[in-house]
file entry34.cif (mmCIF, C-alpha atoms and all ligand atoms)
data_start
loop_
_atom_site.label_atom_id
_atom_site.label_comp_id
_atom_site.auth_asym_id
_atom_site.auth_seq_id
_atom_site.Cartn_x
_atom_site.Cartn_y
_atom_site.Cartn_z
CA MET A 287 17.21 29.46 14.85
CA SER A 288 15.17 30.92 11.98
CA HIS A 289 14.89 29.09 8.70
CA SER A 290 17.11 31.60 6.90
CA GLU A 291 19.94 31.04 9.41
CA ARG A 292 20.02 27.30 8.74
CA SER A 293 22.97 26.17 6.71
CA ALA A 294 22.34 24.84 3.22
CA PRO A 295 22.20 21.06 3.06
CA ARG A 296 25.42 19.26 2.06
CA PRO A 297 24.68 16.66 -0.59
CA ILE A 298 25.90 13.10 -0.09
CA ALA A 299 26.45 10.31 -2.60
CA ALA A 300 23.16 8.61 -3.54
CA GLY A 301 24.72 5.25 -2.65
CA ARG A 302 25.09 6.39 0.97
CA VAL A 303 21.35 6.78 1.49
CA ASP A 304 20.00 3.96 3.63
CA LEU A 305 16.43 3.26 2.57
CA ARG A 306 15.85 0.16 4.71
CA VAL A 307 12.62 0.09 6.70
CA ARG A 308 11.01 -2.38 9.06
CA ILE A 309 7.41 -3.62 9.05
CA GLY A 310 7.06 -5.67 12.21
CA THR A 311 9.74 -8.35 12.02
CA LEU A 312 10.21 -7.92 8.27
CA GLU A 313 13.07 -5.74 7.06
CA LEU A 314 12.56 -4.26 3.58
CA ARG A 315 15.57 -3.15 1.53
CA ASN A 316 13.65 -0.02 0.60
CA PRO A 317 10.18 1.38 1.34
CA VAL A 318 8.67 0.95 -2.14
CA LEU A 319 6.17 -1.87 -2.61
CA THR A 320 3.94 -2.65 -5.56
CA ALA A 321 0.25 -2.18 -4.75
CA SER A 322 -1.94 -5.27 -4.78
CA GLY A 323 -3.77 -5.86 -8.04
CA THR A 324 -1.57 -3.56 -10.10
CA PHE A 325 1.48 -5.81 -10.55
CA GLY A 326 -0.15 -9.20 -11.06
CA TYR A 327 1.56 -11.80 -8.89
CA GLY A 328 4.92 -10.17 -9.63
CA ASP A 329 6.32 -12.94 -11.81
CA GLU A 330 4.59 -11.48 -14.90
CA TYR A 331 6.75 -8.35 -14.51
CA ALA A 332 10.06 -10.09 -13.87
CA HIS A 333 11.22 -9.52 -17.48
CA VAL A 334 10.94 -5.72 -17.05
CA VAL A 335 11.57 -5.19 -13.34
CA ASP A 336 14.27 -6.77 -11.17
CA LEU A 337 12.04 -7.74 -8.27
CA THR A 338 14.98 -7.54 -5.88
CA SER A 339 15.20 -3.78 -6.57
CA LEU A 340 11.86 -3.32 -4.79
CA GLY A 341 11.08 -3.25 -1.11
CA GLY A 342 8.57 -5.96 -1.85
CA VAL A 343 5.84 -7.22 -4.11
CA VAL A 344 2.30 -7.15 -2.77
CA THR A 345 0.56 -9.82 -4.78
CA LYS A 346 -2.98 -9.67 -6.21
CA THR A 347 -5.51 -10.39 -3.47
CA VAL A 348 -6.03 -14.13 -3.27
CA THR A 349 -9.25 -15.74 -2.04
CA VAL A 350 -9.89 -19.34 -0.96
CA GLU A 351 -11.59 -20.23 -4.26
CA PRO A 352 -10.60 -18.82 -7.67
CA ARG A 353 -12.74 -15.87 -8.79
CA SER A 354 -13.47 -14.68 -12.31
CA GLY A 355 -14.28 -11.13 -11.22
CA ASN A 356 -17.01 -8.76 -12.36
CA ALA A 357 -18.60 -8.45 -15.80
CA PRO A 358 -16.96 -5.96 -18.20
CA ALA A 359 -16.35 -3.08 -18.60
CA ARG A 360 -14.00 -3.27 -15.62
CA VAL A 361 -11.91 -0.14 -16.11
CA ALA A 362 -12.74 3.42 -17.12
CA GLU A 363 -10.34 6.31 -17.49
CA THR A 364 -11.19 9.46 -15.53
CA ALA A 365 -9.50 12.83 -15.08
CA SER A 366 -6.01 12.09 -13.68
CA GLY A 367 -7.05 8.63 -12.64
CA MET A 368 -8.99 5.49 -13.37
CA LEU A 369 -11.98 3.60 -12.05
CA ASN A 370 -11.80 -0.17 -11.77
CA SER A 371 -14.34 -2.80 -10.87
CA ILE A 372 -12.22 -5.92 -11.28
CA GLY A 373 -13.94 -7.68 -8.39
CA LEU A 374 -11.00 -9.68 -7.03
CA GLU A 375 -10.38 -11.89 -10.06
CA ASN A 376 -7.67 -14.29 -8.89
CA VAL A 377 -6.27 -17.81 -9.24
CA GLY A 378 -7.40 -19.00 -5.81
CA LEU A 379 -5.45 -20.35 -2.86
CA ALA A 380 -4.21 -23.66 -4.31
CA ARG A 381 -2.67 -22.22 -7.50
CA PHE A 382 -1.29 -19.23 -5.63
CA ARG A 383 0.48 -21.51 -3.15
CA ASP A 384 1.62 -24.17 -5.64
CA GLU A 385 2.49 -22.05 -8.73
CA LYS A 386 2.90 -18.39 -7.87
CA LEU A 387 4.79 -18.53 -4.58
CA PRO A 388 7.52 -20.91 -5.85
CA ARG A 389 8.10 -18.63 -8.88
CA LEU A 390 8.41 -15.57 -6.67
CA ALA A 391 10.82 -17.44 -4.39
CA LYS A 392 13.02 -18.25 -7.40
CA LEU A 393 13.00 -14.56 -8.32
CA ARG A 394 14.14 -13.75 -4.75
CA ALA A 395 11.31 -11.25 -4.31
CA THR A 396 10.20 -10.14 -0.88
CA VAL A 397 6.58 -11.25 -1.01
CA ILE A 398 3.72 -9.66 0.82
CA ALA A 399 0.72 -11.87 0.13
CA SER A 400 -2.58 -10.04 -0.06
CA ILE A 401 -5.50 -12.13 1.18
CA GLY A 402 -9.22 -11.40 0.99
CA GLY A 403 -12.34 -13.04 2.33
CA GLU A 404 -16.04 -12.56 2.91
CA THR A 405 -15.73 -13.75 6.50
CA ALA A 406 -13.14 -14.10 9.23
CA GLU A 407 -13.27 -17.89 8.66
CA GLU A 408 -12.17 -17.52 5.03
CA LEU A 409 -9.25 -15.35 6.05
CA GLU A 410 -8.33 -17.94 8.68
CA THR A 411 -8.37 -20.67 6.02
CA LEU A 412 -5.96 -18.66 3.89
CA LEU A 413 -3.60 -17.99 6.76
CA ALA A 414 -3.75 -21.59 7.95
CA ALA A 415 -2.60 -22.65 4.47
CA LEU A 416 -0.03 -19.91 3.88
CA GLY A 417 0.92 -18.69 7.34
CA ALA A 418 3.99 -20.87 7.71
CA SER A 419 5.17 -20.56 4.10
CA GLY A 420 8.83 -19.65 3.91
CA SER A 421 8.21 -17.68 0.73
CA VAL A 422 5.80 -15.18 2.30
CA GLY A 423 7.43 -12.29 4.17
CA ALA A 424 4.19 -10.73 5.41
CA PHE A 425 0.45 -10.72 4.81
CA GLU A 426 -1.68 -7.79 3.77
CA VAL A 427 -5.33 -8.37 4.62
CA ASN A 428 -7.59 -6.66 2.12
CA PHE A 429 -10.31 -5.21 4.34
CA SER A 430 -11.19 -2.65 1.73
CA CYS A 431 -12.21 -3.92 -1.71
CA PRO A 432 -14.97 -1.61 -3.02
CA ASN A 433 -15.93 -3.91 -5.89
CA VAL A 434 -17.38 -7.08 -4.35
CA ALA A 435 -20.95 -7.81 -3.28
CA ALA A 436 -19.90 -9.51 -0.03
CA GLY A 437 -16.91 -9.04 2.25
CA GLY A 438 -15.91 -5.71 0.79
CA ALA A 439 -15.00 -2.30 2.16
CA ARG A 440 -18.42 -1.68 3.75
CA TYR A 441 -18.48 -5.02 5.57
CA TRP A 442 -15.02 -4.45 7.00
CA ALA A 443 -15.57 -0.78 7.91
CA ASP A 444 -16.80 -1.84 11.36
CA PRO A 445 -14.00 -1.28 13.94
CA ALA A 446 -15.25 -4.05 16.27
CA ARG A 447 -15.31 -6.58 13.43
CA LEU A 448 -11.80 -5.57 12.35
CA GLU A 449 -10.41 -5.93 15.86
CA GLN A 450 -12.05 -9.33 16.50
CA THR A 451 -10.98 -10.67 13.12
CA LEU A 452 -7.36 -9.61 13.55
CA ARG A 453 -7.28 -11.28 16.98
CA ARG A 454 -8.36 -14.51 15.28
CA LEU A 455 -5.91 -14.14 12.41
CA ARG A 456 -3.04 -13.37 14.76
CA ARG A 457 -3.16 -16.96 16.03
CA HIS A 458 -2.40 -18.38 12.58
CA THR A 459 0.90 -16.70 11.72
CA ALA A 460 4.01 -15.20 13.24
CA ARG A 461 4.61 -13.19 10.06
CA PRO A 462 3.65 -9.49 10.05
CA LEU A 463 -0.04 -8.82 9.43
CA ILE A 464 -0.81 -5.62 7.55
CA ALA A 465 -4.41 -4.38 7.50
CA LYS A 466 -5.34 -2.53 4.30
CA LEU A 467 -8.05 0.01 4.99
CA SER A 468 -10.71 1.78 3.00
CA PRO A 469 -10.69 5.56 2.82
CA ASP A 470 -14.50 5.56 2.62
CA VAL A 471 -15.17 5.72 6.35
CA THR A 472 -16.17 8.58 8.61
CA ASP A 473 -12.91 8.47 10.55
CA ILE A 474 -9.99 6.30 9.46
CA ARG A 475 -8.38 6.78 12.85
CA GLU A 476 -11.06 4.53 14.35
CA THR A 477 -10.51 1.66 11.93
CA ALA A 478 -6.74 2.05 12.20
CA ARG A 479 -6.84 1.96 16.02
CA ALA A 480 -9.09 -1.11 15.94
CA CYS A 481 -6.57 -2.93 13.74
CA GLU A 482 -3.73 -2.01 16.07
CA ALA A 483 -5.74 -3.21 19.08
CA GLY A 484 -6.46 -6.50 17.28
CA GLY A 485 -2.75 -7.15 16.80
CA ALA A 486 -1.98 -5.85 13.30
CA ASP A 487 1.70 -5.04 12.72
CA ALA A 488 0.98 -2.29 10.18
CA ILE A 489 -1.78 -0.47 8.33
CA THR A 490 -1.96 0.24 4.61
CA ALA A 491 -3.76 3.51 3.94
CA VAL A 492 -5.54 3.51 1.56
CA ASN A 493 -7.37 1.37 -0.99
CA THR A 494 -9.34 3.01 -3.81
CA PHE A 495 -12.17 5.50 -3.24
CA VAL A 496 -15.66 4.53 -4.42
CA GLY A 497 -16.43 6.45 -7.60
CA LEU A 498 -18.98 6.61 -10.40
CA ALA A 499 -18.59 7.45 -14.10
CA VAL A 500 -21.87 8.15 -15.90
CA ASP A 501 -22.30 7.44 -19.61
CA LEU A 502 -24.86 10.08 -20.62
CA ASP A 503 -25.60 8.43 -23.99
CA ARG A 504 -26.64 5.17 -22.36
CA MET A 505 -27.73 6.73 -19.09
CA GLY A 506 -25.73 4.04 -17.37
CA SER A 507 -22.41 3.48 -15.71
CA ARG A 508 -19.25 3.35 -17.80
CA LEU A 509 -18.43 0.20 -15.79
CA GLY A 510 -20.22 -3.16 -15.82
CA ARG A 511 -21.43 -2.48 -12.28
CA ALA A 512 -22.53 0.89 -11.02
CA THR A 513 -19.50 1.98 -9.08
CA GLY A 514 -15.78 1.29 -9.09
CA GLY A 515 -12.64 2.18 -7.16
CA LEU A 516 -10.87 5.41 -8.09
CA SER A 517 -7.07 5.36 -8.18
CA GLY A 518 -4.15 7.30 -9.65
CA PRO A 519 -2.91 10.88 -9.21
CA ALA A 520 -6.50 12.11 -8.80
CA ILE A 521 -6.61 10.59 -5.31
CA LYS A 522 -3.15 11.54 -4.02
CA PRO A 523 -4.19 14.50 -1.83
CA LEU A 524 -7.10 12.48 -0.42
CA ALA A 525 -4.90 9.46 0.27
CA LEU A 526 -2.20 11.63 1.86
CA ALA A 527 -4.74 13.11 4.26
CA ARG A 528 -6.02 9.63 5.26
CA CYS A 529 -2.49 8.30 5.60
CA HIS A 530 -1.47 11.23 7.80
CA GLU A 531 -4.55 10.76 9.98
CA ALA A 532 -3.93 7.04 10.36
CA ALA A 533 -0.23 7.55 11.14
CA SER A 534 -1.05 10.08 13.84
CA ALA A 535 -3.54 7.68 15.46
CA VAL A 536 -1.43 4.51 15.82
CA ARG A 537 2.07 3.47 16.86
CA ILE A 538 2.43 0.71 14.28
CA PRO A 539 3.85 1.58 10.83
CA VAL A 540 1.53 2.95 8.16
CA ILE A 541 2.10 2.17 4.49
CA GLY A 542 0.89 4.93 2.17
CA SER A 543 -0.99 4.14 -1.02
CA GLY A 544 -2.80 6.37 -3.49
CA GLY A 545 -1.63 8.24 -6.54
CA ILE A 546 2.11 7.80 -6.07
CA VAL A 547 3.93 8.34 -9.37
CA THR A 548 7.25 9.98 -8.45
CA GLY A 549 9.88 9.82 -5.74
CA ARG A 550 8.63 13.16 -4.45
CA ASP A 551 5.09 11.76 -4.14
CA ALA A 552 6.48 8.87 -2.10
CA LEU A 553 8.51 11.22 0.12
CA GLU A 554 5.43 13.34 0.78
CA PHE A 555 3.79 10.26 2.28
CA ILE A 556 6.91 9.52 4.34
CA ALA A 557 7.04 13.13 5.56
CA ALA A 558 3.37 12.82 6.50
CA GLY A 559 4.20 9.82 8.70
CA ALA A 560 4.25 6.76 6.44
CA THR A 561 6.95 4.14 6.91
CA ALA A 562 6.66 2.71 3.41
CA VAL A 563 4.64 3.32 0.25
CA GLN A 564 2.96 1.42 -2.56
CA VAL A 565 3.00 2.23 -6.27
CA GLY A 566 -0.16 1.12 -8.06
CA THR A 567 -1.82 2.71 -11.08
CA ALA A 568 1.47 4.32 -12.18
CA THR A 569 2.67 0.83 -13.14
CA PHE A 570 -0.06 0.60 -15.80
CA VAL A 571 1.42 3.67 -17.49
CA GLU A 572 5.05 2.66 -16.95
CA PRO A 573 5.87 -0.91 -15.89
CA GLY A 574 9.14 0.25 -14.30
CA ALA A 575 7.48 2.99 -12.22
CA ALA A 576 8.18 1.39 -8.82
CA PRO A 577 11.99 1.00 -9.21
CA ARG A 578 12.13 4.52 -10.70
CA VAL A 579 10.39 5.82 -7.57
CA VAL A 580 13.10 4.12 -5.45
CA ALA A 581 15.86 5.84 -7.49
CA GLU A 582 14.15 9.23 -7.31
CA MET A 583 13.69 8.99 -3.55
CA ARG A 584 17.35 8.17 -3.13
CA GLU A 585 18.45 11.13 -5.30
CA TRP A 586 16.18 13.62 -3.52
CA LEU A 587 17.43 12.56 -0.10
CA ALA A 588 21.09 12.52 -1.19
CA ALA A 589 20.83 16.04 -2.64
CA ARG A 590 19.71 17.25 0.80
CA GLY A 591 22.26 15.32 2.79
CA LEU A 592 19.67 13.00 4.31
CA ALA A 593 21.35 9.64 4.83
CA ARG A 594 18.37 7.90 6.38
CA LEU A 595 14.67 7.90 5.69
CA ASP A 596 14.14 8.48 9.40
CA ASP A 597 15.61 11.97 8.86
CA LEU A 598 12.47 12.81 6.89
CA ARG A 599 9.77 10.60 8.40
CA GLY A 600 7.01 12.56 10.07
CA ARG A 601 8.79 15.90 9.49
CA PHE A 602 5.62 17.31 7.91
CA SER A 603 3.97 19.70 10.31
CA ALA A 604 0.56 21.22 9.72
CA THR A 605 1.54 24.33 11.66
CA ALA A 606 4.55 24.94 9.41
CA ALA A 607 2.23 25.47 6.45
CA GLN A 608 2.49 29.24 6.42
CA GLU A 609 6.16 29.63 7.33
CA PRO A 610 8.69 30.53 4.64
CA ALA A 611 10.16 27.49 2.96
CA ALA A 612 13.30 26.16 4.63
CA PRO A 613 15.75 23.80 3.01
CA VAL A 614 15.19 20.31 4.34
CA ALA A 615 18.44 19.05 5.80
CA ALA A 616 19.67 16.29 8.02
CA GLU A 617 19.59 17.04 11.75
CA SER A 618 23.40 17.15 11.74
CA THR A 619 23.61 19.97 9.17
CA ARG A 620 20.99 22.17 10.77
C1 LIG A 701 -6.93 -2.47 -11.46
C2 LIG A 701 -6.74 -2.42 -9.98
C3 LIG A 701 -6.85 -3.60 -9.23
C4 LIG A 701 -6.68 -3.57 -7.85
N1 LIG A 701 -6.79 -4.73 -7.13
C5 LIG A 701 -6.57 -4.73 -5.79
C6 LIG A 701 -6.58 -5.93 -5.05
O1 LIG A 701 -6.77 -7.03 -5.57
N2 LIG A 701 -6.36 -5.85 -3.71
C7 LIG A 701 -6.12 -4.66 -3.07
O2 LIG A 701 -5.91 -4.65 -1.85
N3 LIG A 701 -6.07 -3.49 -3.76
C8 LIG A 701 -6.29 -3.51 -5.10
N4 LIG A 701 -6.22 -2.33 -5.79
C9 LIG A 701 -5.92 -1.07 -5.09
C10 LIG A 701 -4.44 -0.73 -5.17
O3 LIG A 701 -3.65 -1.72 -4.55
C11 LIG A 701 -4.12 0.65 -4.54
O4 LIG A 701 -4.35 0.58 -3.15
C12 LIG A 701 -4.97 1.77 -5.11
O5 LIG A 701 -5.10 1.61 -6.51
C13 LIG A 701 -4.42 3.17 -4.81
O6 LIG A 701 -3.10 3.31 -5.27
P1 LIG A 701 -2.71 3.94 -6.74
O7 LIG A 701 -3.45 5.23 -6.85
O8 LIG A 701 -1.24 4.06 -6.69
O9 LIG A 701 -3.19 2.94 -7.75
C14 LIG A 701 -6.39 -2.35 -7.18
C15 LIG A 701 -6.27 -1.17 -7.95
C16 LIG A 701 -6.42 -1.20 -9.32
C17 LIG A 701 -6.27 0.09 -10.09
#

call {"tool": "encode", "arguments": {"input": "entry34.cif", "output": "structure tokens"}}
result
Amino acid sequence: MSHSERSAPRPIAAGRVDLRVRIGTLELRNPVLTASGTFGYGDEYAHVVDLTSLGGVVTKTVTVEPRSGNAPARVAETASGMLNSIGLENVGLARFRDEKLPRLAKLRATVIASIGGETAEELETLLAALGASGSVGAFEVNFSCPNVAAGGARYWADPARLEQTLRRLRRHTARPLIAKLSPDVTDIRETARACEAGGADAITAVNTFVGLAVDLDRMGSRLGRATGGLSGPAIKPLALARCHEAASAVRIPVIGSGGIVTGRDALEFIAAGATAVQVGTATFVEPGAAPRVVAEMREWLAARGLARLDDLRGRFSATAAQEPAAPVAAESTR
């Protein structure tokens, strides 16, 4: 049947759209998560965002010891995006466990705890302390911070190291383990496959891209250290390409991250194969960006008669690029 012969989609009520998704054993009420480092520990936003309206809150990456982060300046605005060199400033394991997690539990948030370390041993320490916590729904392992001297994106870009480390981490928790990957690798399919082989339940693709902003007057960087991580709408096409590549290389779910501002952005990632998405930099512009993205996704799907996210997931096809546009509709209305 040609595209023109397909019947027009029949809209359904927005309330009928089922946005639930599954990451390993964890069911999320919708596929929209906050991106680590852009929503604090979640509790700081509870006065503006009902945390239960989100699929989940990915908390700021926590390390074994507290970290004060890099010297300023730590953010610089760029065309359609921003560079940051925060350097994993965080409260450390003890305060995260004793102060932050109980607050998030009271707020009934689905918590995905982001953990970071310079070695596999540090990550094991974090999981040993948090792995059985009833308030953590899943763990996202930050294998991709571009702004730290040790244990950052370059260190973790080695597929063999990723696989061995995940095998070790797997022993410490039954909760889903999500591996967050750097886009700055030759082939993200290799790092994604290594994570899957090591026992990861999902991949997050991607963290920020390494970028540089030159201050010509000072002949130096606009950041306190030379480079930073680029995020925001500027990276969306790059992130989409990495996400699509990762999703086509593994069977486990891929969570898209990079430049998502609207429901349509999020749905582009889902169409390209993502199971869920993260909203990051957009929250700095609009604190309620993530719940708005949920509402916009729901409306877009309802207008096209798509009752389930699965009706759209992976529908993007590279070979369809040159065909005339067809209305997207549920399988049943085609
Ligand atoms: C200020 C800032 C801090 C971030 N901190 C973290 C972090 O602690 N851990 C992490 O995994 N990603 C961190 N990220 C990366 C985001 O989680 C996200 O993957 C990235 O910014 C791309 O998404 P976006 O374009 O929607 O922001 C940070 C990003 C920004 C802008």

call {"tool": "residues_around", "arguments": {"input": "entry34.cif", "residues": "Pro432 in chain A", "least_positions_apart": "3", "cutoff": "8 Å", "atoms": "all atoms listed in the file", "output": "PDB file with C-alpha atoms, keeping the file's coordinate frame"}}
result
ATOM      1  CA  SER A 371     -14.340  -2.800 -10.870  1.00  0.00           C
ATOM      2  CA  GLY A 438     -15.910  -5.710   0.790  1.00  0.00           C
ATOM      3  CA  ALA A 439     -15.000  -2.300   2.160  1.00  0.00           C
ATOM      4  CA  ARG A 440     -18.420  -1.680   3.750  1.00  0.00           C
ATOM      5  CA  THR A 494      -9.340   3.010  -3.810  1.00  0.00           C
ATOM      6  CA  PHE A 495     -12.170   5.500  -3.240  1.00  0.00           C
ATOM      7  CA  VAL A 496     -15.660   4.530  -4.420  1.00  0.00           C
ATOM      8  CA  GLY A 514     -15.780   1.290  -9.090  1.00  0.00           C
ATOM      9  CA  GLY A 515     -12.640   2.180  -7.160  1.00  0.00           C
TER      10      GLY A 515
END

call {"tool": "residues_near_ligand", "arguments": {"input": "entry34.cif", "ligand": "ligand LIG 701 (chain A)", "cutoff": "6 Å", "atoms": "only C-alpha atoms and all ligand atoms", "output": "PyMOL selection string"}}
result
chain A and resi 321-324+346-347+370+374+428+492-494+517-518+543-546+565-567

call {"tool": "atom_distance", "arguments": {"input": "entry34.cif", "atom1": "CA of Asn376 in chain A", "atom2": "CA of Val422 in chain A"}}
result
17.5 Å

call {"tool": "residues_around", "arguments": {"input": "entry34.cif", "residues": "Phe382 in chain A", "least_positions_apart": "4", "cutoff": "12 Å", "atoms": "all atoms listed in the file", "output": "PyMOL selection string"}}
result
chain A and resi 326-329+345-352+376-378+386-390+399-401+412+415-416+419+421-422

call {"tool": "write_last_selection", "arguments": {"input": "entry34.cif", "atoms": "C-alpha atoms", "output": "tab-separated table (two decimals), in the coordinates of the input"}}
result
chain	number	residue	atom	x	y	z
A	326	GLY	CA	-0.15	-9.20	-11.06
A	327	TYR	CA	1.56	-11.80	-8.89
A	328	GLY	CA	4.92	-10.17	-9.63
A	329	ASP	CA	6.32	-12.94	-11.81
A	345	THR	CA	0.56	-9.82	-4.78
A	346	LYS	CA	-2.98	-9.67	-6.21
A	347	THR	CA	-5.51	-10.39	-3.47
A	348	VAL	CA	-6.03	-14.13	-3.27
A	349	THR	CA	-9.25	-15.74	-2.04
A	350	VAL	CA	-9.89	-19.34	-0.96
A	351	GLU	CA	-11.59	-20.23	-4.26
A	352	PRO	CA	-10.60	-18.82	-7.67
A	376	ASN	CA	-7.67	-14.29	-8.89
A	377	VAL	CA	-6.27	-17.81	-9.24
A	378	GLY	CA	-7.40	-19.00	-5.81
A	386	LYS	CA	2.90	-18.39	-7.87
A	387	LEU	CA	4.79	-18.53	-4.58
A	388	PRO	CA	7.52	-20.91	-5.85
A	389	ARG	CA	8.10	-18.63	-8.88
A	390	LEU	CA	8.41	-15.57	-6.67
A	399	ALA	CA	0.72	-11.87	0.13
A	400	SER	CA	-2.58	-10.04	-0.06
A	401	ILE	CA	-5.50	-12.13	1.18
A	412	LEU	CA	-5.96	-18.66	3.89
A	415	ALA	CA	-2.60	-22.65	4.47
A	416	LEU	CA	-0.03	-19.91	3.88
A	419	SER	CA	5.17	-20.56	4.10
A	421	SER	CA	8.21	-17.68	0.73
A	422	VAL	CA	5.80	-15.18	2.30

call {"tool": "residues_around", "arguments": {"input": "entry34.cif", "residues": "range 474-489 of chain A", "least_positions_apart": "6", "cutoff": "10 Å", "atoms": "all atoms listed in the file", "output": "MDAnalysis selection string"}}
result
chainID A and resid 309:311 424:427 442:457 461:468 528:542 560:561

call {"tool": "residues_around", "arguments": {"input": "entry34.cif", "residues": "Pro317 in chain A", "least_positions_apart": "2", "cutoff": "8 Å", "atoms": "all atoms listed in the file", "output": "VMD selection string"}}
result
chain A and resid 305 to 307 314 to 315 319 340 to 341 561 to 563 580

call {"tool": "atom_distance", "arguments": {"input": "entry34.cif", "atom1": "CA of Gly403 in chain A", "atom2": "CA of Gly355 in chain A"}}
result
13.8 Å

call {"tool": "decode", "arguments": {"input": "entry34.cif", "residues": "range 515-521 of chain A", "atoms": "all heavy atoms", "output": "PDB file, in the first residue's frame"}}
result
ATOM      1  N   GLY A 515      32.110  20.138  28.576  1.00  0.00           N
ATOM      2  CA  GLY A 515      31.169  19.243  27.894  1.00  0.00           C
ATOM      3  C   GLY A 515      30.066  20.076  27.258  1.00  0.00           C
ATOM      4  O   GLY A 515      29.419  20.879  27.928  1.00  0.00           O
ATOM      5  N   LEU A 516      29.833  19.863  25.974  1.00  0.00           N
ATOM      6  CA  LEU A 516      28.814  20.623  25.249  1.00  0.00           C
ATOM      7  C   LEU A 516      27.470  19.911  25.346  1.00  0.00           C
ATOM      8  O   LEU A 516      27.369  18.700  25.123  1.00  0.00           O
ATOM      9  CB  LEU A 516      29.220  20.774  23.780  1.00  0.00           C
ATOM     10  CG  LEU A 516      28.298  21.641  22.913  1.00  0.00           C
ATOM     11  CD1 LEU A 516      28.295  23.091  23.379  1.00  0.00           C
ATOM     12  CD2 LEU A 516      28.710  21.567  21.444  1.00  0.00           C
ATOM     13  N   SER A 517      26.428  20.698  25.671  1.00  0.00           N
ATOM     14  CA  SER A 517      25.077  20.137  25.803  1.00  0.00           C
ATOM     15  C   SER A 517      24.067  21.116  25.218  1.00  0.00           C
ATOM     16  O   SER A 517      24.425  22.220  24.818  1.00  0.00           O
ATOM     17  CB  SER A 517      24.763  19.886  27.281  1.00  0.00           C
ATOM     18  OG  SER A 517      24.733  21.119  27.983  1.00  0.00           O
ATOM     19  N   GLY A 518      22.798  20.703  25.186  1.00  0.00           N
ATOM     20  CA  GLY A 518      21.739  21.574  24.688  1.00  0.00           C
ATOM     21  C   GLY A 518      21.407  21.286  23.232  1.00  0.00           C
ATOM     22  O   GLY A 518      21.966  20.350  22.622  1.00  0.00           O
ATOM     23  N   PRO A 519      20.465  22.081  22.661  1.00  0.00           N
ATOM     24  CA  PRO A 519      20.002  21.801  21.294  1.00  0.00           C
ATOM     25  C   PRO A 519      21.124  21.651  20.271  1.00  0.00           C
ATOM     26  O   PRO A 519      20.965  20.928  19.284  1.00  0.00           O
ATOM     27  CB  PRO A 519      19.130  23.026  20.969  1.00  0.00           C
ATOM     28  CG  PRO A 519      18.634  23.485  22.296  1.00  0.00           C
ATOM     29  CD  PRO A 519      19.742  23.207  23.282  1.00  0.00           C
ATOM     30  N   ALA A 520      22.256  22.313  20.510  1.00  0.00           N
ATOM     31  CA  ALA A 520      23.374  22.210  19.558  1.00  0.00           C
ATOM     32  C   ALA A 520      23.784  20.766  19.308  1.00  0.00           C
ATOM     33  O   ALA A 520      24.256  20.428  18.218  1.00  0.00           O
ATOM     34  CB  ALA A 520      24.578  23.008  20.079  1.00  0.00           C
ATOM     35  N   ILE A 521      23.607  19.892  20.305  1.00  0.00           N
ATOM     36  CA  ILE A 521      24.116  18.520  20.128  1.00  0.00           C
ATOM     37  C   ILE A 521      23.029  17.525  19.715  1.00  0.00           C
ATOM     38  O   ILE A 521      23.318  16.349  19.518  1.00  0.00           O
ATOM     39  CB  ILE A 521      24.828  17.996  21.411  1.00  0.00           C
ATOM     40  CG1 ILE A 521      23.831  17.752  22.569  1.00  0.00           C
ATOM     41  CG2 ILE A 521      25.948  18.930  21.829  1.00  0.00           C
ATOM     42  CD1 ILE A 521      24.433  16.976  23.743  1.00  0.00           C
TER      43      ILE A 521
END
